[in-house]
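Trainee: Data: my_file_26.txt, compact mmCIF, C-alpha atoms.
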```txt
# COMPACT_ATOMS: atom_id res chain seq x y z
CA MET A 1 0.00 0.00 0.00
CA ALA A 2 2.66 2.42 1.05
CA ALA A 3 4.72 1.48 -1.92
CA ARG A 4 1.84 2.24 -4.24
CA LYS A 5 1.33 5.64 -2.70
CA TYR A 6 4.99 6.36 -3.03
CA ASN A 7 4.84 5.38 -6.67
CA GLU A 8 1.87 7.67 -7.25
CA GLN A 9 3.69 10.53 -5.66
CA LYS A 10 6.70 9.86 -7.79
CA GLU A 11 4.51 9.83 -10.87
CA ASN A 12 3.00 13.16 -9.89
CA MET A 13 6.38 14.67 -9.37
CA ARG A 14 7.43 13.45 -12.77
CA LEU A 15 4.37 15.01 -14.36
CA ILE A 16 5.00 18.34 -12.72
CA LYS A 17 8.58 18.21 -13.85
CA SER A 18 7.68 17.41 -17.43
CA ASN A 19 5.10 20.19 -17.41
CA SER A 20 7.64 22.68 -16.23
CA SER A 21 10.03 21.56 -18.92
CA ILE A 22 7.32 22.21 -21.51
CA PHE A 23 6.96 25.64 -20.01
CA ASP A 24 10.68 26.17 -20.35
CA ASN A 25 10.47 25.19 -24.00
CA ASP A 26 7.73 27.75 -24.48
CA LYS A 27 9.89 30.40 -22.98
CA ALA A 28 12.74 29.40 -25.23
CA SER A 29 10.60 29.65 -28.34
CA MET A 30 9.37 33.05 -27.21
CA ALA A 31 12.92 34.19 -26.84
CA MET A 32 13.63 32.81 -30.31
CA ARG A 33 11.05 35.14 -31.77
CA GLN A 34 13.22 37.97 -32.79
CA LEU A 35 13.24 39.92 -35.99
CA HIS A 36 15.68 38.98 -38.67
CA PRO A 37 15.51 41.84 -41.15
CA GLU A 38 18.26 40.38 -43.30
CA THR A 39 16.02 37.45 -44.24
CA TRP A 40 12.87 39.49 -44.84
CA VAL A 41 13.23 39.95 -48.58
CA ASP A 42 13.88 36.27 -49.24
CA SER A 43 11.19 34.98 -46.92
CA TYR A 44 8.33 37.43 -47.18
CA ALA A 45 8.75 39.72 -50.19
CA ASP A 46 6.62 37.58 -52.52
CA TYR A 47 3.93 36.98 -49.94
CA LEU A 48 3.63 40.67 -49.07
CA PHE A 49 3.79 41.59 -52.75
CA ASN A 50 0.85 39.31 -53.58
CA TYR A 51 -1.08 40.74 -50.67
CA ALA A 52 -0.44 44.26 -51.89
CA VAL A 53 -1.09 43.61 -55.59
CA ALA A 54 -4.46 42.07 -54.76
CA ARG A 55 -5.39 45.31 -53.03
CA VAL A 56 -3.95 48.12 -55.11
CA ASN A 57 -3.98 46.46 -58.56
CA ASP A 58 -0.70 47.97 -59.64
CA SER A 59 2.58 46.14 -59.37
CA GLU A 60 4.75 49.28 -59.21
CA ILE A 61 2.77 50.74 -56.33
CA ALA A 62 2.63 47.35 -54.65
CA LYS A 63 6.40 47.07 -54.85
CA ASP A 64 6.83 50.47 -53.25
CA LEU A 65 4.40 49.56 -50.50
CA VAL A 66 6.33 46.39 -49.72
CA GLN A 67 9.57 48.33 -49.61
CA GLU A 68 8.02 50.92 -47.30
CA THR A 69 6.72 48.14 -45.11
CA PHE A 70 10.20 46.75 -44.66
CA PHE A 71 11.56 50.19 -43.76
CA ALA A 72 8.73 50.83 -41.34
CA GLY A 73 9.30 47.42 -39.79
CA LEU A 74 12.93 48.26 -39.32
CA ASN A 75 12.13 51.58 -37.72
CA SER A 76 9.67 50.15 -35.25
CA ALA A 77 11.58 46.95 -34.60
CA LYS A 78 11.89 47.85 -30.94
CA ASN A 79 8.10 47.72 -30.63
CA TYR A 80 8.02 44.11 -31.74
CA LYS A 81 7.08 42.11 -28.68
CA GLY A 82 7.31 38.70 -30.23
CA ASP A 83 3.73 37.69 -29.64
CA ALA A 84 2.99 37.44 -33.35
CA ALA A 85 4.96 35.71 -36.04
CA GLU A 86 7.23 37.95 -38.03
CA ARG A 87 5.11 37.70 -41.15
CA THR A 88 1.86 38.50 -39.38
CA TRP A 89 3.52 41.53 -37.91
CA LEU A 90 4.73 42.70 -41.32
CA ILE A 91 1.32 42.10 -42.86
CA ALA A 92 -0.21 44.29 -40.17
CA ILE A 93 2.16 47.10 -41.15
CA LEU A 94 1.46 46.57 -44.84
CA LYS A 95 -2.26 46.78 -44.17
CA ARG A 96 -1.76 50.24 -42.69
CA LYS A 97 0.35 51.23 -45.68
CA VAL A 98 -2.40 50.18 -48.09
CA ILE A 99 -4.95 52.19 -46.14
CA ASP A 100 -2.60 55.20 -46.11
CA TYR A 101 -2.15 54.85 -49.84
CA TYR A 102 -5.89 55.02 -50.49
CA ARG A 103 -6.18 57.95 -48.12
CA LYS A 104 -3.50 59.78 -50.02
CA ILE A 105 -5.01 59.31 -53.45
CA ASN A 106 -8.43 60.25 -52.15
CA SER A 107 -7.33 63.28 -50.19
CA LYS A 108 -7.85 65.72 -53.04
CA LYS A 109 -11.19 67.35 -52.66
CA GLY A 110 -14.06 65.48 -54.17
CA ARG A 111 -12.06 62.39 -55.00
CA ALA A 112 -13.54 60.42 -52.15
CA GLU A 113 -17.05 60.89 -53.36
CA VAL A 114 -18.74 57.89 -54.80
CA ARG A 115 -19.98 58.77 -58.22
CA MET A 116 -22.51 56.77 -60.06
CA SER A 117 -22.46 57.30 -63.73
CA TYR A 118 -25.87 56.78 -65.09
CA SER A 119 -25.78 56.81 -68.82
CA SER A 120 -28.76 58.46 -70.36
CA GLY A 121 -29.00 55.86 -73.04
CA SER A 122 -32.41 55.68 -74.53
CA GLU A 123 -32.60 51.92 -74.55
CA SER A 124 -32.40 51.68 -70.76
CA GLU A 125 -34.90 54.39 -70.05
CA GLY A 126 -37.16 54.02 -67.09
CA ASP A 127 -35.60 51.09 -65.29
CA TRP A 128 -32.52 52.57 -63.65
CA MET A 129 -33.33 51.12 -60.25
CA GLU A 130 -33.39 47.61 -61.57
CA GLU A 131 -30.05 48.14 -63.24
CA GLN A 132 -28.30 49.09 -60.04
CA VAL A 133 -29.46 46.05 -58.11
CA ALA A 134 -26.76 43.46 -57.69
CA ASP A 135 -27.24 40.26 -59.55
CA PRO A 136 -27.79 37.60 -56.89
CA PHE A 137 -26.53 34.88 -59.19
CA SER A 138 -23.30 36.62 -60.04
CA SER A 139 -20.33 34.76 -58.66
CA PHE A 140 -17.99 37.51 -59.75
CA GLU A 141 -17.47 39.19 -56.35
CA ASN A 142 -17.07 35.96 -54.45
CA ASP A 143 -14.63 34.70 -57.01
CA ALA A 144 -12.47 37.75 -56.60
CA ILE A 145 -12.32 37.30 -52.82
CA GLU A 146 -11.68 33.60 -53.13
CA ASN A 147 -8.87 34.16 -55.60
CA LYS A 148 -7.21 36.61 -53.25
CA GLU A 149 -7.18 34.01 -50.53
CA LEU A 150 -6.14 31.30 -52.94
CA GLY A 151 -3.16 33.36 -54.02
CA LEU A 152 -1.98 33.76 -50.44
CA ALA A 153 -2.58 30.08 -49.70
CA ILE A 154 -0.42 29.05 -52.64
CA GLN A 155 2.23 31.58 -51.71
CA ASP A 156 2.16 30.18 -48.18
CA CYS A 157 2.80 26.68 -49.49
CA ILE A 158 5.54 27.88 -51.83
CA SER A 159 7.37 29.53 -48.95
CA GLU A 160 7.49 26.18 -47.19
CA LEU A 161 9.36 24.55 -50.05
CA PRO A 162 13.14 24.24 -49.99
CA LYS A 163 14.79 27.39 -51.33
CA LYS A 164 15.93 26.01 -54.67
CA GLN A 165 12.61 24.32 -55.43
CA SER A 166 10.59 27.40 -54.65
CA LEU A 167 12.90 29.46 -56.82
CA VAL A 168 12.57 27.11 -59.79
CA PHE A 169 8.82 26.77 -59.36
CA THR A 170 8.32 30.53 -59.10
CA MET A 171 10.41 31.21 -62.17
CA LYS A 172 8.67 28.57 -64.21
CA THR A 173 5.07 28.88 -63.08
CA ILE A 174 4.58 32.44 -61.96
CA ARG A 175 7.05 34.28 -64.11
CA GLY A 176 6.53 31.87 -67.00
CA MET A 177 10.19 31.71 -67.97
CA SER A 178 11.34 29.15 -70.50
CA THR A 179 13.19 26.02 -69.41
CA GLU A 180 16.27 27.14 -71.27
CA ASP A 181 16.46 30.53 -69.57
CA ILE A 182 16.08 29.06 -66.12
CA CYS A 183 18.74 26.46 -66.79
CA ASN A 184 21.14 29.15 -67.94
CA GLU A 185 20.43 31.43 -65.03
CA LEU A 186 20.70 28.78 -62.32
CA ASP A 187 23.34 26.71 -64.07
CA ILE A 188 21.45 23.39 -63.97
CA ASN A 189 20.50 20.90 -66.67
CA PRO A 190 16.91 20.35 -67.85
CA SER A 191 16.42 16.95 -66.26
CA ASN A 192 17.55 18.48 -62.99
CA LEU A 193 15.00 21.21 -63.43
CA TRP A 194 12.17 18.80 -64.11
CA VAL A 195 13.02 16.79 -61.02
CA MET A 196 12.82 19.94 -58.92
CA ILE A 197 9.57 20.97 -60.59
CA HIS A 198 8.17 17.53 -59.89
CA ARG A 199 9.11 17.65 -56.21
CA ALA A 200 7.78 21.16 -55.83
CA ARG A 201 4.47 20.30 -57.48
CA THR A 202 4.05 17.15 -55.41
CA SER A 203 4.63 19.04 -52.15
CA LEU A 204 2.30 21.81 -53.25
CA MET A 205 -0.44 19.31 -54.03
CA GLY A 206 -0.04 17.89 -50.55
CA CYS A 207 0.04 21.31 -48.96
CA LEU A 208 -3.02 22.62 -50.78
CA ASN A 209 -4.85 19.36 -50.39
CA GLN A 210 -6.64 20.21 -47.15
CA ASN A 211 -8.22 23.41 -48.34
CA TRP A 212 -8.46 23.70 -52.05
CA PHE A 213 -8.83 20.43 -53.87
CA MET B 1 5.25 2.62 -76.75
CA MET B 2 5.37 1.51 -73.13
CA ILE B 3 6.77 3.99 -70.64
CA SER B 4 7.50 3.85 -66.93
CA CYS B 5 5.60 5.81 -64.31
CA GLU B 6 8.57 8.13 -63.80
CA LYS B 7 8.60 8.94 -67.47
CA ALA B 8 4.83 9.46 -67.40
CA ALA B 9 5.16 11.88 -64.48
CA LEU B 10 7.85 13.82 -66.33
CA ILE B 11 5.68 14.13 -69.44
CA CYS B 12 2.73 15.11 -67.27
CA ASN B 13 4.76 17.90 -65.69
CA LYS B 14 5.90 19.05 -69.12
CA THR B 15 2.30 19.10 -70.28
CA GLN B 16 1.48 21.54 -67.47
CA TYR B 17 3.85 24.02 -69.09
CA ARG B 18 2.85 23.07 -72.65
CA GLU B 19 6.27 21.67 -73.34
CA ALA B 20 5.41 18.06 -74.14
CA THR B 21 5.69 17.00 -77.75
CA PHE B 22 2.81 15.40 -79.62
CA TRP B 23 4.41 11.96 -79.50
CA GLU B 24 5.04 12.29 -75.77
CA LYS B 25 1.42 13.17 -75.16
CA ILE B 26 0.26 10.05 -77.00
CA LYS B 27 2.60 7.91 -74.93
CA LEU B 28 1.27 9.52 -71.76
CA LYS B 29 -2.34 8.90 -72.77
CA MET B 30 -1.56 5.24 -73.44
CA HIS B 31 0.05 4.93 -70.05
CA LEU B 32 -2.87 6.61 -68.30
CA LEU B 33 -5.25 4.04 -69.74
CA MET B 34 -3.45 1.35 -67.82
CA CYS B 35 -2.18 3.09 -64.70
CA LYS B 36 -4.57 4.34 -62.04
CA THR B 37 -1.91 6.00 -59.91
CA CYS B 38 -0.67 8.12 -62.77
CA SER B 39 -4.22 9.03 -63.75
CA ALA B 40 -4.83 10.34 -60.25
CA PHE B 41 -1.54 12.22 -60.31
CA THR B 42 -2.31 13.76 -63.68
CA LYS B 43 -5.72 14.87 -62.52
CA LYS B 44 -4.30 16.57 -59.43
CA ASN B 45 -1.44 18.09 -61.33
CA THR B 46 -3.80 19.61 -63.87
CA GLU B 47 -5.92 20.98 -61.04
CA LEU B 48 -2.85 22.56 -59.48
CA THR B 49 -2.09 24.30 -62.76
CA ALA B 50 -5.66 25.56 -62.95
CA LEU B 51 -5.46 26.86 -59.38
CA CYS B 52 -2.20 28.65 -60.04
CA GLU B 53 -3.68 30.28 -63.11
CA LYS B 54 -6.84 31.26 -61.28
CA ALA B 55 -4.93 32.77 -58.38
CA ASN B 56 -3.14 35.15 -60.74
CA LEU B 57 0.06 35.02 -58.72
CA HIS B 58 2.66 37.71 -58.81
CA SER B 59 6.28 37.60 -57.97
CA LEU B 60 9.15 40.01 -57.74
CA SER B 61 12.07 39.24 -60.01
CA GLU B 62 15.46 38.40 -58.53
CA GLY B 63 16.81 41.75 -59.66
CA GLU B 64 14.11 43.64 -57.81
CA LYS B 65 14.68 41.56 -54.71
CA ILE B 66 18.42 42.21 -54.75
CA LYS B 67 17.74 45.92 -55.07
CA MET B 68 15.33 45.75 -52.15
CA LYS B 69 17.87 43.89 -50.07
CA GLN B 70 20.52 46.51 -50.72
CA GLN B 71 18.22 49.35 -49.78
CA LEU B 72 17.21 47.51 -46.65
CA LYS B 73 20.82 46.82 -45.74
CA GLU B 74 21.68 50.50 -45.92
CA LYS B 75 19.06 51.20 -43.27
CA ILE B 76 20.04 48.44 -40.86
```
Could you spell out this file's structure in structure tokens?

Mentor:
Amino acid sequence: MAARKYNEQKENMRLIKSNSSIFDNDKASMAMRQLHPETWVDSYADYLFNYAVARVNDSEIAKDLVQETFFAGLNSAKNYKGDAAERTWLIAILKRKVIDYYRKINSKKGRAEVRMSYSSGSESEGDWMEEQVADPFSSFENDAIENKELGLAIQDCISELPKKQSLVFTMKTIRGMSTEDICNELDINPSNLWVMIHRARTSLMGCLNQNWF
Amino acid sequence: MMISCEKAALICNKTQYREATFWEKIKLKMHLLMCKTCSAFTKKNTELTALCEKANLHSLSEGEKIKMKQQLKEKI
């Protein structure tokens, strides 16, 4: 009887110990969460860029916004408490930048007004109310939102690939470069390239599997 | 006429980028008739291509990234 109790106590002690070691690990990972600005461009530039392009519809402006985001992140690095992942933190800054951008272009007087242009075409006379009503069967708006999310989901999966694979996949699929050009630029042979493409595609299929297939 | 699954996968990947030759495509089709695994792979692979097209992805070129890195480095 006594032995059993002793064993139970020992077990409890062990549990407490293991719990505290988990806690220590937590602390360690919190301490690990520091900013690494030198890796930002490689790790997050494409993700942030996609986010921005989907919102401002202009790649030049989007590029500038991403650049500004990095600068702003650098300037306020001391405010980073480590309770969000680096990328989430940068996205939050970028979000503000996008809002600021729209504020700026709308700041001239009258620009912010919503203007409806109603054409006085004779063929549509009399039924202007009906024309303005949204088509309940249109999937256009939902598609646009879904595609935005899809883009980020794919970008997310790409960023989890090994560096070389993600580079090859991006060049081939997103930038649409020819096999020859990529081989020249990266100094690899075609069969090598196709192996990397194959691996990248297989991992992407697995990664996107849960949500999008 | 007969090709291995590895070869079929390679041709399938090439097809996604419209780089497979006519003869290769025929060989792939023949293989798909017999091989269920490759059929499933081809289906998924084609879907992935469709998704990537639909998402209208953008990417910064290496040159732009290097420029960004330099500008960022100056500020660090």

Trainee: Can you list, as an MDAnalysis selection string, every protein, DNA or RNA residue that comes within 8 Å of Leu72 (chain B) when you count all atoms listed in the file, leaving out same-chain residues fewer than 4 positions away?

Mentor: (chainID A and resid 38 70:71) or (chainID B and resid 68 76)

Trainee: Output as a tab-separated table one row per residue of chain A within 6 Å of chain B: the closest atom pair and its distance in Å to one decimal place, counting all atoms listed in the file, sorted by chain and residue number ascending.

Mentor:
```
residue	atom	partner	partner_atom	distance
A:Asp46	CA	B:Ser59	CA	5.5
A:Asn50	CA	B:His58	CA	5.8
A:Asn147	CA	B:Ala55	CA	5.0
A:Leu150	CA	B:Ala55	CA	5.8
A:Gly151	CA	B:Ala55	CA	4.7
```

Trainee: CA of Glu24 (chain B) to CA of Ile3 (chain B): how many Å, to one decimal?

Mentor: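 Rounded to one decimal, the two atoms are 9.9 Å apart.
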
Trainee: Work out how far CA of Ala40 (chain B) is from CA of Ile197 (chain A), in Å to one decimal.

Mentor: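 If I compute the distance from CA of Ile197 (chain A) to CA of Ala40 (chain B), I get 17.9 Å.
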
Trainee: Compare A:Val53, A:Ile154, A:Val98, A:Ala84 by their minimum atom-to-atom distance to Thr170 (chain A), counting all atoms listed in the file, and give me the closest one.

Mentor: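 For Thr170 (chain A), the nearest of the given residues is A:Ile154.
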
Trainee: Using only C-alpha atoms, which residue out of B:Glu74, B:Met30, B:Thr15, B:Ala20 lies closest to Lys43 (chain B)?

Mentor: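 For Lys43 (chain B), the nearest of the given residues is B:Thr15.
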
Trainee: In Å, rounded to a single decimal, give me how far CA of Ser39 (chain B) is from CA of Leu152 (chain A).

Mentor: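 CA of Ser39 (chain B) lies 28.2 Å from CA of Leu152 (chain A).
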
Trainee: So, with all atoms listed in the file as the atoms that count, which of A:Arg201, A:Lys97, A:Asn192, A:Asn142 lies closest to Thr173 (chain A)?

Mentor: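 Nearest to Thr173 (chain A): A:Arg201.
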
Trainee: Mind listing whatever residues come within 12 Å of the point (-5.4, 41.5, -42.6)? Use all atoms listed in the file, file coordinates, and give them as a list in words.

Mentor: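 Protein, DNA and RNA residues close to (-5.4, 41.5, -42.6): Leu48, Tyr51, Ala52, Arg55, Arg87, Thr88, Trp89, Leu90, Ile91, Ala92, Ile93, Leu94, Lys95, Arg96, Lys97, Val98, Ile99, Lys148, Glu149 and Leu152 of chain A.
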
Trainee: Keeping only C-alpha atoms, write those residues as a PDB file, in the frame of the given file.

Mentor:
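To be explicit, this is the file written out as result-v1.pdb:
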```pdb
ATOM      1  CA  LEU A  48       3.630  40.670 -49.070  1.00  0.00           C
ATOM      2  CA  TYR A  51      -1.080  40.740 -50.670  1.00  0.00           C
ATOM      3  CA  ALA A  52      -0.440  44.260 -51.890  1.00  0.00           C
ATOM      4  CA  ARG A  55      -5.390  45.310 -53.030  1.00  0.00           C
ATOM      5  CA  ARG A  87       5.110  37.700 -41.150  1.00  0.00           C
ATOM      6  CA  THR A  88       1.860  38.500 -39.380  1.00  0.00           C
ATOM      7  CA  TRP A  89       3.520  41.530 -37.910  1.00  0.00           C
ATOM      8  CA  LEU A  90       4.730  42.700 -41.320  1.00  0.00           C
ATOM      9  CA  ILE A  91       1.320  42.100 -42.860  1.00  0.00           C
ATOM     10  CA  ALA A  92      -0.210  44.290 -40.170  1.00  0.00           C
ATOM     11  CA  ILE A  93       2.160  47.100 -41.150  1.00  0.00           C
ATOM     12  CA  LEU A  94       1.460  46.570 -44.840  1.00  0.00           C
ATOM     13  CA  LYS A  95      -2.260  46.780 -44.170  1.00  0.00           C
ATOM     14  CA  ARG A  96      -1.760  50.240 -42.690  1.00  0.00           C
ATOM     15  CA  LYS A  97       0.350  51.230 -45.680  1.00  0.00           C
ATOM     16  CA  VAL A  98      -2.400  50.180 -48.090  1.00  0.00           C
ATOM     17  CA  ILE A  99      -4.950  52.190 -46.140  1.00  0.00           C
ATOM     18  CA  LYS A 148      -7.210  36.610 -53.250  1.00  0.00           C
ATOM     19  CA  GLU A 149      -7.180  34.010 -50.530  1.00  0.00           C
ATOM     20  CA  LEU A 152      -1.980  33.760 -50.440  1.00  0.00           C
TER      21      LEU A 152
END
```

Trainee: Restricted to C-alpha atoms, what does region 30-74 of chain B look like when written out as a PDB file, in the first residue's frame?

Mentor:
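Listing of result14.pdb after writing:
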```pdb
ATOM      1  CA  MET B  30      -1.562   5.244 -73.444  1.00  0.00           C
ATOM      2  CA  HIS B  31       0.049   4.929 -70.052  1.00  0.00           C
ATOM      3  CA  LEU B  32      -2.873   6.614 -68.303  1.00  0.00           C
ATOM      4  CA  LEU B  33      -5.247   4.044 -69.740  1.00  0.00           C
ATOM      5  CA  MET B  34      -3.449   1.352 -67.817  1.00  0.00           C
ATOM      6  CA  CYS B  35      -2.175   3.089 -64.697  1.00  0.00           C
ATOM      7  CA  LYS B  36      -4.568   4.340 -62.043  1.00  0.00           C
ATOM      8  CA  THR B  37      -1.910   6.002 -59.908  1.00  0.00           C
ATOM      9  CA  CYS B  38      -0.670   8.118 -62.767  1.00  0.00           C
ATOM     10  CA  SER B  39      -4.216   9.032 -63.750  1.00  0.00           C
ATOM     11  CA  ALA B  40      -4.833  10.342 -60.250  1.00  0.00           C
ATOM     12  CA  PHE B  41      -1.545  12.222 -60.307  1.00  0.00           C
ATOM     13  CA  THR B  42      -2.306  13.760 -63.684  1.00  0.00           C
ATOM     14  CA  LYS B  43      -5.717  14.874 -62.517  1.00  0.00           C
ATOM     15  CA  LYS B  44      -4.297  16.575 -59.427  1.00  0.00           C
ATOM     16  CA  ASN B  45      -1.440  18.086 -61.334  1.00  0.00           C
ATOM     17  CA  THR B  46      -3.799  19.609 -63.866  1.00  0.00           C
ATOM     18  CA  GLU B  47      -5.918  20.981 -61.043  1.00  0.00           C
ATOM     19  CA  LEU B  48      -2.854  22.557 -59.485  1.00  0.00           C
ATOM     20  CA  THR B  49      -2.093  24.304 -62.757  1.00  0.00           C
ATOM     21  CA  ALA B  50      -5.664  25.563 -62.955  1.00  0.00           C
ATOM     22  CA  LEU B  51      -5.463  26.862 -59.377  1.00  0.00           C
ATOM     23  CA  CYS B  52      -2.195  28.653 -60.043  1.00  0.00           C
ATOM     24  CA  GLU B  53      -3.679  30.284 -63.108  1.00  0.00           C
ATOM     25  CA  LYS B  54      -6.837  31.264 -61.280  1.00  0.00           C
ATOM     26  CA  ALA B  55      -4.926  32.774 -58.383  1.00  0.00           C
ATOM     27  CA  ASN B  56      -3.144  35.149 -60.739  1.00  0.00           C
ATOM     28  CA  LEU B  57       0.056  35.017 -58.724  1.00  0.00           C
ATOM     29  CA  HIS B  58       2.664  37.707 -58.815  1.00  0.00           C
ATOM     30  CA  SER B  59       6.279  37.598 -57.973  1.00  0.00           C
ATOM     31  CA  LEU B  60       9.146  40.006 -57.738  1.00  0.00           C
ATOM     32  CA  SER B  61      12.067  39.240 -60.006  1.00  0.00           C
ATOM     33  CA  GLU B  62      15.457  38.402 -58.528  1.00  0.00           C
ATOM     34  CA  GLY B  63      16.812  41.748 -59.655  1.00  0.00           C
ATOM     35  CA  GLU B  64      14.113  43.640 -57.811  1.00  0.00           C
ATOM     36  CA  LYS B  65      14.683  41.561 -54.708  1.00  0.00           C
ATOM     37  CA  ILE B  66      18.419  42.206 -54.746  1.00  0.00           C
ATOM     38  CA  LYS B  67      17.736  45.922 -55.066  1.00  0.00           C
ATOM     39  CA  MET B  68      15.329  45.748 -52.147  1.00  0.00           C
ATOM     40  CA  LYS B  69      17.875  43.890 -50.070  1.00  0.00           C
ATOM     41  CA  GLN B  70      20.520  46.509 -50.723  1.00  0.00           C
ATOM     42  CA  GLN B  71      18.221  49.345 -49.784  1.00  0.00           C
ATOM     43  CA  LEU B  72      17.214  47.511 -46.650  1.00  0.00           C
ATOM     44  CA  LYS B  73      20.818  46.816 -45.741  1.00  0.00           C
ATOM     45  CA  GLU B  74      21.678  50.496 -45.915  1.00  0.00           C
TER      46      GLU B  74
END
```
